[in-house]
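J.: Provided herewith: my_file.txt, compact mmCIF, C-alpha atoms and all ligand atoms.
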```txt
# COMPACT_ATOMS: atom_id res chain seq x y z
CA MET A 52 -21.51 2.10 12.34
CA ALA A 53 -18.77 3.34 10.04
CA ARG A 54 -16.17 0.76 9.07
CA VAL A 55 -12.70 1.42 10.50
CA ALA A 56 -9.81 1.45 8.02
CA ILE A 57 -6.04 1.62 8.44
CA VAL A 58 -4.00 2.88 5.49
CA THR A 59 -0.25 2.39 5.95
CA GLY A 60 1.80 5.20 4.46
CA GLY A 61 -1.54 6.97 4.35
CA THR A 62 -0.43 10.57 4.83
CA ARG A 63 1.07 11.38 1.43
CA GLY A 64 1.33 10.21 -2.16
CA ILE A 65 -0.91 7.35 -3.19
CA GLY A 66 -1.67 6.60 0.46
CA GLU A 67 -3.11 10.07 1.01
CA ALA A 68 -5.45 9.61 -1.94
CA ILE A 69 -6.48 6.20 -0.55
CA SER A 70 -7.17 7.66 2.91
CA LEU A 71 -9.38 10.32 1.34
CA ALA A 72 -11.21 7.86 -0.92
CA LEU A 73 -12.03 5.55 2.01
CA ARG A 74 -13.09 8.52 4.14
CA ASP A 75 -15.35 9.67 1.27
CA ALA A 76 -16.78 6.13 1.15
CA GLY A 77 -17.94 6.64 4.74
CA MET A 78 -15.12 4.93 6.63
CA ASN A 79 -13.39 6.06 9.79
CA VAL A 80 -9.77 6.20 8.62
CA ALA A 81 -6.47 5.95 10.52
CA ALA A 82 -3.51 7.00 8.36
CA ASN A 83 -0.20 5.47 9.41
CA TYR A 84 3.18 6.99 8.51
CA ALA A 85 6.85 6.38 9.31
CA GLY A 86 8.57 9.57 10.32
CA ASN A 87 7.63 12.63 8.28
CA ASP A 88 5.80 14.45 11.10
CA GLU A 89 5.51 17.68 9.15
CA LYS A 90 3.69 16.08 6.21
CA ALA A 91 1.53 14.03 8.60
CA LYS A 92 0.48 17.11 10.57
CA ALA A 93 -0.30 19.06 7.41
CA PHE A 94 -2.34 16.07 6.19
CA THR A 95 -4.37 15.90 9.42
CA ASP A 96 -4.90 19.68 9.46
CA ARG A 97 -6.10 19.55 5.84
CA THR A 98 -8.31 16.47 6.05
CA GLY A 99 -9.24 15.92 9.68
CA ILE A 100 -8.01 12.30 9.33
CA ARG A 101 -5.95 11.12 12.30
CA ALA A 102 -2.33 10.15 11.63
CA TYR A 103 -0.51 7.43 13.59
CA LYS A 104 3.25 6.99 13.55
CA TRP A 105 4.87 3.59 13.53
CA ASP A 106 7.29 1.65 11.35
CA VAL A 107 5.52 -1.17 9.49
CA SER A 108 8.75 -3.16 9.36
CA ASP A 109 8.69 -3.39 13.17
CA PHE A 110 6.41 -6.29 14.17
CA ASP A 111 5.79 -5.14 17.76
CA ALA A 112 5.19 -1.55 16.66
CA CYS A 113 2.47 -2.82 14.28
CA LEU A 114 0.75 -4.74 17.06
CA SER A 115 0.77 -1.77 19.42
CA GLY A 116 -0.16 0.68 16.64
CA VAL A 117 -3.20 -1.39 15.72
CA ARG A 118 -4.13 -1.70 19.41
CA GLN A 119 -4.03 2.09 19.72
CA VAL A 120 -6.19 2.60 16.63
CA GLU A 121 -8.68 0.01 17.89
CA SER A 122 -8.92 1.64 21.30
CA GLU A 123 -9.59 5.05 19.72
CA LEU A 124 -11.68 4.16 16.63
CA GLY A 125 -12.89 0.58 17.15
CA PRO A 126 -12.07 -2.81 15.58
CA VAL A 127 -10.32 -2.64 12.23
CA ASP A 128 -12.45 -3.80 9.26
CA VAL A 129 -10.21 -2.62 6.42
CA LEU A 130 -6.43 -2.70 6.00
CA VAL A 131 -4.60 -1.15 3.07
CA ASN A 132 -0.93 -2.11 3.00
CA ASN A 133 0.40 0.81 1.01
CA ALA A 134 3.63 1.82 2.81
CA GLY A 135 6.60 1.30 0.54
CA ILE A 136 10.15 2.43 -0.12
CA THR A 137 12.74 2.04 -2.85
CA ARG A 138 16.51 1.61 -2.52
CA ASP A 139 17.48 1.20 -6.16
CA GLY A 140 20.77 -0.07 -7.52
CA THR A 141 22.09 -2.67 -9.92
CA MET A 142 23.13 -6.01 -8.46
CA LYS A 143 26.73 -4.81 -8.54
CA ARG A 144 25.92 -1.88 -6.27
CA MET A 145 23.12 -3.29 -4.17
CA THR A 146 24.12 -3.92 -0.60
CA ARG A 147 22.60 -6.43 1.76
CA GLN A 148 21.20 -3.49 3.72
CA MET A 149 19.39 -2.09 0.65
CA TRP A 150 17.90 -5.54 0.08
CA ASP A 151 16.81 -5.98 3.71
CA GLU A 152 15.27 -2.52 4.06
CA VAL A 153 13.10 -2.89 0.99
CA ILE A 154 12.00 -6.43 1.79
CA ASP A 155 11.32 -5.56 5.44
CA VAL A 156 9.16 -2.49 4.73
CA ASN A 157 7.35 -3.50 1.54
CA LEU A 158 6.80 -7.21 2.18
CA GLY A 159 7.48 -7.66 5.90
CA GLY A 160 5.16 -4.72 6.57
CA CYS A 161 2.29 -6.55 4.86
CA PHE A 162 2.82 -9.59 7.08
CA ASN A 163 3.19 -7.54 10.26
CA MET A 164 0.03 -5.53 9.63
CA ALA A 165 -2.05 -8.47 8.41
CA LYS A 166 -0.96 -10.46 11.47
CA ALA A 167 -2.21 -7.64 13.70
CA VAL A 168 -5.71 -7.51 12.18
CA PHE A 169 -6.47 -10.85 10.52
CA GLN A 170 -7.62 -12.82 13.55
CA GLY A 171 -10.01 -10.11 14.69
CA MET A 172 -11.44 -9.76 11.18
CA SER A 173 -11.92 -13.54 10.97
CA GLU A 174 -13.67 -13.68 14.34
CA ARG A 175 -16.01 -10.86 13.30
CA GLN A 176 -16.54 -12.54 9.90
CA TYR A 177 -15.71 -9.39 7.94
CA GLY A 178 -12.56 -7.90 6.53
CA ARG A 179 -11.06 -6.20 3.50
CA ILE A 180 -7.29 -6.28 2.96
CA VAL A 181 -5.74 -4.59 -0.06
CA ASN A 182 -2.00 -4.79 -0.69
CA ILE A 183 -0.28 -2.34 -2.99
CA GLY A 184 2.08 -4.22 -5.28
CA SER A 185 3.65 -2.80 -8.43
CA ILE A 186 4.01 -3.26 -12.14
CA ASN A 187 7.69 -3.82 -11.33
CA GLY A 188 6.74 -6.83 -9.22
CA GLN A 189 4.91 -8.26 -12.24
CA ALA A 190 7.42 -7.44 -14.95
CA GLY A 191 10.71 -6.85 -13.09
CA GLN A 192 12.79 -3.69 -13.44
CA TYR A 193 16.45 -2.97 -14.04
CA GLY A 194 18.15 -1.89 -10.82
CA GLN A 195 15.34 -3.08 -8.57
CA VAL A 196 15.91 -6.72 -7.63
CA ASN A 197 14.96 -5.85 -4.04
CA TYR A 198 11.80 -3.90 -4.88
CA ALA A 199 10.67 -6.29 -7.64
CA ALA A 200 11.15 -9.27 -5.31
CA ALA A 201 9.22 -7.57 -2.48
CA LYS A 202 6.36 -6.51 -4.74
CA SER A 203 6.22 -9.87 -6.47
CA GLY A 204 6.11 -11.44 -3.00
CA ILE A 205 3.10 -9.28 -2.19
CA HIS A 206 1.18 -10.84 -5.05
CA GLY A 207 1.87 -14.37 -3.73
CA PHE A 208 1.11 -13.28 -0.16
CA THR A 209 -2.24 -11.91 -1.37
CA LYS A 210 -3.30 -15.14 -3.05
CA ALA A 211 -2.29 -17.30 -0.09
CA LEU A 212 -3.98 -15.14 2.55
CA ALA A 213 -7.09 -14.85 0.35
CA GLN A 214 -7.49 -18.61 0.62
CA GLU A 215 -7.25 -18.46 4.43
CA GLY A 216 -9.70 -15.57 4.71
CA ALA A 217 -12.33 -16.70 2.23
CA ARG A 218 -14.59 -18.66 4.59
CA ALA A 219 -14.27 -15.98 7.27
CA GLY A 220 -15.55 -13.15 5.08
CA VAL A 221 -12.11 -11.59 4.77
CA THR A 222 -11.17 -10.69 1.20
CA VAL A 223 -7.53 -10.11 0.27
CA ASN A 224 -6.63 -8.44 -3.01
CA ALA A 225 -3.74 -6.56 -4.57
CA ILE A 226 -3.40 -3.56 -6.81
CA ALA A 227 -0.44 -3.31 -9.13
CA PRO A 228 0.02 0.36 -10.00
CA GLY A 229 2.01 1.44 -12.99
CA TYR A 230 3.94 4.70 -12.83
CA ILE A 231 2.04 7.21 -10.71
CA ASP A 232 2.88 10.88 -10.31
CA THR A 233 4.16 10.96 -6.68
CA GLU A 234 7.37 11.87 -4.85
CA MET A 235 8.60 8.30 -5.35
CA VAL A 236 8.46 8.75 -9.13
CA ALA A 237 9.75 12.34 -8.92
CA ALA A 238 12.99 10.76 -7.63
CA VAL A 239 13.47 9.00 -11.00
CA PRO A 240 15.89 10.97 -13.24
CA ASP A 241 14.12 12.99 -16.01
CA ASP A 242 15.72 11.12 -18.92
CA VAL A 243 14.68 7.76 -17.44
CA LEU A 244 11.15 9.06 -16.71
CA GLY A 245 10.78 10.31 -20.29
CA LYS A 246 11.56 6.82 -21.57
CA ILE A 247 9.08 5.30 -19.12
CA VAL A 248 6.23 7.62 -20.16
CA ALA A 249 6.94 6.84 -23.80
CA ARG A 250 6.15 3.17 -23.02
CA ILE A 251 2.78 3.92 -21.38
CA PRO A 252 0.03 3.45 -24.00
CA VAL A 253 -2.21 6.18 -22.51
CA GLY A 254 0.76 8.56 -22.79
CA ARG A 255 0.97 9.90 -19.25
CA LEU A 256 1.73 9.01 -15.64
CA GLY A 257 -1.19 7.82 -13.51
CA LYS A 258 -2.72 9.87 -10.72
CA ALA A 259 -2.81 8.79 -7.09
CA GLU A 260 -6.61 9.16 -7.19
CA GLU A 261 -6.78 6.56 -9.95
CA ILE A 262 -5.20 3.99 -7.63
CA ALA A 263 -7.39 5.09 -4.72
CA ARG A 264 -10.49 4.50 -6.82
CA GLY A 265 -9.47 0.87 -7.29
CA VAL A 266 -8.77 0.45 -3.58
CA ALA A 267 -12.16 1.88 -2.61
CA PHE A 268 -13.81 -0.52 -5.05
CA LEU A 269 -12.07 -3.55 -3.51
CA CYS A 270 -12.86 -2.34 0.03
CA ALA A 271 -16.58 -1.87 -0.58
CA GLU A 272 -19.17 -3.88 1.34
CA ASP A 273 -20.45 -5.42 -1.89
CA ALA A 274 -17.00 -6.55 -3.11
CA GLY A 275 -17.18 -9.77 -1.08
CA PHE A 276 -16.88 -12.09 -4.09
CA ILE A 277 -13.59 -10.54 -5.24
CA THR A 278 -10.67 -12.15 -3.47
CA GLY A 279 -7.16 -13.23 -4.41
CA SER A 280 -7.18 -10.96 -7.44
CA THR A 281 -4.69 -8.41 -8.67
CA LEU A 282 -6.04 -5.29 -10.29
CA SER A 283 -3.49 -3.70 -12.63
CA ILE A 284 -3.87 0.07 -12.95
CA ASN A 285 -1.09 1.06 -15.28
CA GLY A 286 -2.33 2.90 -18.37
CA GLY A 287 -1.94 -0.27 -20.41
CA GLN A 288 1.80 -0.55 -19.81
CA HIS A 289 1.74 -4.21 -18.81
CA MET A 290 -1.09 -6.51 -19.89
CA TYR A 291 -1.39 -10.17 -19.13
P1 LIG A 301 5.61 7.91 -1.21
O1 LIG A 301 7.09 7.78 -1.10
O2 LIG A 301 5.06 9.16 -1.84
O3 LIG A 301 4.94 7.73 0.24
C1 LIG A 301 5.30 6.62 0.99
C2 LIG A 301 4.45 6.57 2.25
O4 LIG A 301 4.83 5.37 2.95
C3 LIG A 301 4.70 7.71 3.19
O5 LIG A 301 3.51 8.04 3.87
C4 LIG A 301 5.72 7.14 4.18
O6 LIG A 301 5.67 7.76 5.49
C5 LIG A 301 5.22 5.72 4.26
N1 LIG A 301 6.24 4.80 4.73
C6 LIG A 301 7.46 4.55 4.19
N2 LIG A 301 8.12 3.65 4.94
C7 LIG A 301 7.31 3.34 5.98
C8 LIG A 301 7.43 2.50 7.11
N3 LIG A 301 8.54 1.79 7.33
N4 LIG A 301 6.41 2.45 8.00
C9 LIG A 301 5.28 3.18 7.81
N5 LIG A 301 5.10 3.99 6.74
C10 LIG A 301 6.12 4.08 5.85
O7 LIG A 301 5.14 6.60 -1.99
P2 LIG A 301 4.03 6.43 -3.13
O8 LIG A 301 2.78 7.10 -2.72
O9 LIG A 301 4.63 6.72 -4.43
O10 LIG A 301 3.82 4.84 -3.09
C11 LIG A 301 2.84 4.22 -2.28
C12 LIG A 301 2.86 2.73 -2.57
O11 LIG A 301 2.61 2.49 -3.95
C13 LIG A 301 4.20 2.06 -2.26
O12 LIG A 301 3.98 0.77 -1.76
C14 LIG A 301 4.85 1.98 -3.62
O13 LIG A 301 5.80 0.96 -3.68
C15 LIG A 301 3.64 1.69 -4.50
N6 LIG A 301 3.84 2.03 -5.89
C16 LIG A 301 4.09 3.31 -6.26
C17 LIG A 301 4.23 3.61 -7.59
C18 LIG A 301 4.46 5.00 -8.06
O14 LIG A 301 4.57 5.18 -9.26
N7 LIG A 301 4.53 5.99 -7.19
C19 LIG A 301 4.15 2.56 -8.63
C20 LIG A 301 3.86 1.26 -8.13
C21 LIG A 301 3.72 1.01 -6.80
P3 LIG A 301 6.51 9.14 5.76
O15 LIG A 301 5.69 10.23 5.12
O16 LIG A 301 6.53 9.24 7.24
O17 LIG A 301 7.85 8.97 5.14
```
Would you mind giving the structure from this file in structure tokens?
T.:
Amino acid sequence: MARVAIVTGGTRGIGEAISLALRDAGMNVAANYAGNDEKAKAFTDRTGIRAYKWDVSDFDACLSGVRQVESELGPVDVLVNNAGITRDGTMKRMTRQMWDEVIDVNLGGCFNMAKAVFQGMSERQYGRIVNIGSINGQAGQYGQVNYAAAKSGIHGFTKALAQEGARAGVTVNAIAPGYIDTEMVAAVPDDVLGKIVARIPVGRLGKAEEIARGVAFLCAEDAGFITGSTLSINGGQHMY
């Protein structure tokens, strides 16, 4: 039987590439999204992968969304927490709302989704959870105290949950992408982006498929001895 995978934010950007990579690895994929129905429909028409709409920052919506996926596709074996947003601004300009939104979606979403699937995975003695962090959660970034804190939190969340899942066959890992060519990065002003690319040793932005390749690796059946790790995929921009 094909493994069932949920990819949050799985209908565009990095998430779309992850949905396709897991589908190509033989999984039955459910791609979650927040509100962009047009992009989600185009994605499903193009790929045949079903799209499911709910807000990962809403705890109850995550529980009912997972229940719906399970009733249609079967128990969830793989969860990729990829949904993310930015609300950038220096401390001077950052509002409490900008802080809350970013923490609630990027970090709260990981908790909400893991909570919805972790017990079932543990009972079935198999699970793969991959959380998408960021280079900016490892190194910090000017104007992103909210995003850097949320992404940094994801790395701690990953290591803690990995310890809880280890004996139950549930691995929990993170990927820390560097700058990847998606709509999120397209929103960065050109002059700032030019400076960023100049600091990437390989001399270019990453591709969504290059992140998806790492996710598929960590979600494979034979990746059971890899847990609690963070895989940096960043063109050499941040090494430690
Ligand atoms: P995009 O902005 O291109 O896509 C974001 C996806 O997340 C969309 O599918 C969107 O749904 C979904 N989403 C946003 N908010 C929610 C929510 N509340 N509930 C459910 N789904 C939601 O992002 P990227 O592909 O660029 O980024 C994907 C992940 O990778 C994020 O976690 C990001 O922080 C991380 N990352 C990205 C980097 C980059 O360079 N792009 C670098 C490092 C990390 P909808 O289409 O409905 O809006």
J.: May I have the residues within 10 Å of Ala249 of chain A as a list in words, using all atoms listed in the file and disregarding those fewer than 6 positions away in the same chain?
T.: Arg255, Leu256 and Gln288 of chain A
J.: I'd like to know which of A:Gly86, A:Gly275, A:Gly140, A:Gly245 is closest to Gly194 of chain A, using only C-alpha atoms.
T.: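 Under the stated criterion, the closest residue is A:Gly140.
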J.: Which residues form the shell of 6 Å around ligand LIG 301 (chain A) when you count only C-alpha atoms and all ligand atoms, given as a PyMOL selection string?
T.: chain A and resi 59-66+84-87+105-108+133-136+156+183-185+228-231+233-236
J.: Store the residues of this selection in a file with C-alpha atoms, as an mmCIF file, in the coordinates of the input.
T.:
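What ended up in selection.cif:
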```cif
data_model
loop_
_atom_site.group_PDB
_atom_site.id
_atom_site.type_symbol
_atom_site.label_atom_id
_atom_site.label_comp_id
_atom_site.auth_asym_id
_atom_site.auth_seq_id
_atom_site.Cartn_x
_atom_site.Cartn_y
_atom_site.Cartn_z
ATOM 1 C CA THR A 59 -0.250 2.390 5.950
ATOM 2 C CA GLY A 60 1.800 5.200 4.460
ATOM 3 C CA GLY A 61 -1.540 6.970 4.350
ATOM 4 C CA THR A 62 -0.430 10.570 4.830
ATOM 5 C CA ARG A 63 1.070 11.380 1.430
ATOM 6 C CA GLY A 64 1.330 10.210 -2.160
ATOM 7 C CA ILE A 65 -0.910 7.350 -3.190
ATOM 8 C CA GLY A 66 -1.670 6.600 0.460
ATOM 9 C CA TYR A 84 3.180 6.990 8.510
ATOM 10 C CA ALA A 85 6.850 6.380 9.310
ATOM 11 C CA GLY A 86 8.570 9.570 10.320
ATOM 12 C CA ASN A 87 7.630 12.630 8.280
ATOM 13 C CA TRP A 105 4.870 3.590 13.530
ATOM 14 C CA ASP A 106 7.290 1.650 11.350
ATOM 15 C CA VAL A 107 5.520 -1.170 9.490
ATOM 16 C CA SER A 108 8.750 -3.160 9.360
ATOM 17 C CA ASN A 133 0.400 0.810 1.010
ATOM 18 C CA ALA A 134 3.630 1.820 2.810
ATOM 19 C CA GLY A 135 6.600 1.300 0.540
ATOM 20 C CA ILE A 136 10.150 2.430 -0.120
ATOM 21 C CA VAL A 156 9.160 -2.490 4.730
ATOM 22 C CA ILE A 183 -0.280 -2.340 -2.990
ATOM 23 C CA GLY A 184 2.080 -4.220 -5.280
ATOM 24 C CA SER A 185 3.650 -2.800 -8.430
ATOM 25 C CA PRO A 228 0.020 0.360 -10.000
ATOM 26 C CA GLY A 229 2.010 1.440 -12.990
ATOM 27 C CA TYR A 230 3.940 4.700 -12.830
ATOM 28 C CA ILE A 231 2.040 7.210 -10.710
ATOM 29 C CA THR A 233 4.160 10.960 -6.680
ATOM 30 C CA GLU A 234 7.370 11.870 -4.850
ATOM 31 C CA MET A 235 8.600 8.300 -5.350
ATOM 32 C CA VAL A 236 8.460 8.750 -9.130
#
```
J.: Mind pulling up the distance from atom CA of Leu124 of chain A to atom CA of Asp96 of chain A?
T.: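 According to the coordinates, atom CA of Asp96 of chain A and atom CA of Leu124 of chain A are separated by 18.4 Å.
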J.: Using all atoms listed in the file, which residue out of A:Gly287, A:Gly254, A:Gly204, A:Gly220 lies closest to Tyr177 of chain A?
T.: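 Selected residue with least distance to Tyr177 of chain A: A:Gly220.
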J.: At what distance in Å, to one decimal, does atom CA of Thr278 of chain A lie from atom CA of Val223 of chain A?
T.: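 Atom-to-atom, atom CA of Val223 of chain A to atom CA of Thr278 of chain A, that is 5.3 Å.
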J.: Using only C-alpha atoms, which residue out of A:Val266, A:Asn285, A:Gly77, A:Glu261 lies closest to Val248 of chain A?
T.: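 Of A:Val266, A:Asn285, A:Gly77, A:Glu261, the one nearest Val248 of chain A, counting only C-alpha atoms, is A:Asn285.
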J.: Which residues, written as a compact mmCIF listing (two decimals) with C-alpha atoms, in the coordinates of the input, have at least one atom at most 12 Å from Ile186 of chain A, with all atoms listed in the file counted and residues fewer than 5 positions away on the same chain left out?
T.:
```txt
# COMPACT_ATOMS: atom_id res chain seq x y z
CA GLY A 191 10.71 -6.85 -13.09
CA GLN A 192 12.79 -3.69 -13.44
CA GLN A 195 15.34 -3.08 -8.57
CA TYR A 198 11.80 -3.90 -4.88
CA ALA A 199 10.67 -6.29 -7.64
CA ALA A 200 11.15 -9.27 -5.31
CA ALA A 201 9.22 -7.57 -2.48
CA LYS A 202 6.36 -6.51 -4.74
CA SER A 203 6.22 -9.87 -6.47
CA ILE A 205 3.10 -9.28 -2.19
CA HIS A 206 1.18 -10.84 -5.05
CA ALA A 225 -3.74 -6.56 -4.57
CA ILE A 226 -3.40 -3.56 -6.81
CA ALA A 227 -0.44 -3.31 -9.13
CA PRO A 228 0.02 0.36 -10.00
CA GLY A 229 2.01 1.44 -12.99
CA TYR A 230 3.94 4.70 -12.83
CA ILE A 231 2.04 7.21 -10.71
CA ILE A 251 2.78 3.92 -21.38
CA THR A 281 -4.69 -8.41 -8.67
CA LEU A 282 -6.04 -5.29 -10.29
CA SER A 283 -3.49 -3.70 -12.63
CA ILE A 284 -3.87 0.07 -12.95
CA ASN A 285 -1.09 1.06 -15.28
CA GLY A 286 -2.33 2.90 -18.37
CA GLY A 287 -1.94 -0.27 -20.41
CA GLN A 288 1.80 -0.55 -19.81
CA HIS A 289 1.74 -4.21 -18.81
CA MET A 290 -1.09 -6.51 -19.89
CA TYR A 291 -1.39 -10.17 -19.13
```
J.: Taking into account only C-alpha atoms, which residue in the set A:Asp241, A:Glu152, A:Asp128, A:Phe208 is nearest to Met52 of chain A?
T.: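 Looking at the shortest contact to Met52 of chain A, the residue is A:Asp128.
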J.: How far is it from atom CA of Leu73 of chain A to atom CA of Ala267 of chain A, in Å with one decimal?
T.: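 Distance reported for this atom pair: 5.9 Å.
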J.: Tell me, as a list in words, which residues lie within 12 Å of Ser173 of chain A, counting only C-alpha atoms; anything in the same chain fewer than 5 positions away does not count.
T.: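 Contacts, in chain order: Pro126, Val127, Asp128, Val129, Ala165, Lys166, Ala167, Val168, Gly178, Arg179, Ile180, Leu212, Ala213, Glu215, Gly216, Ala217, Arg218, Ala219, Gly220, Val221 and Thr222 of chain A.
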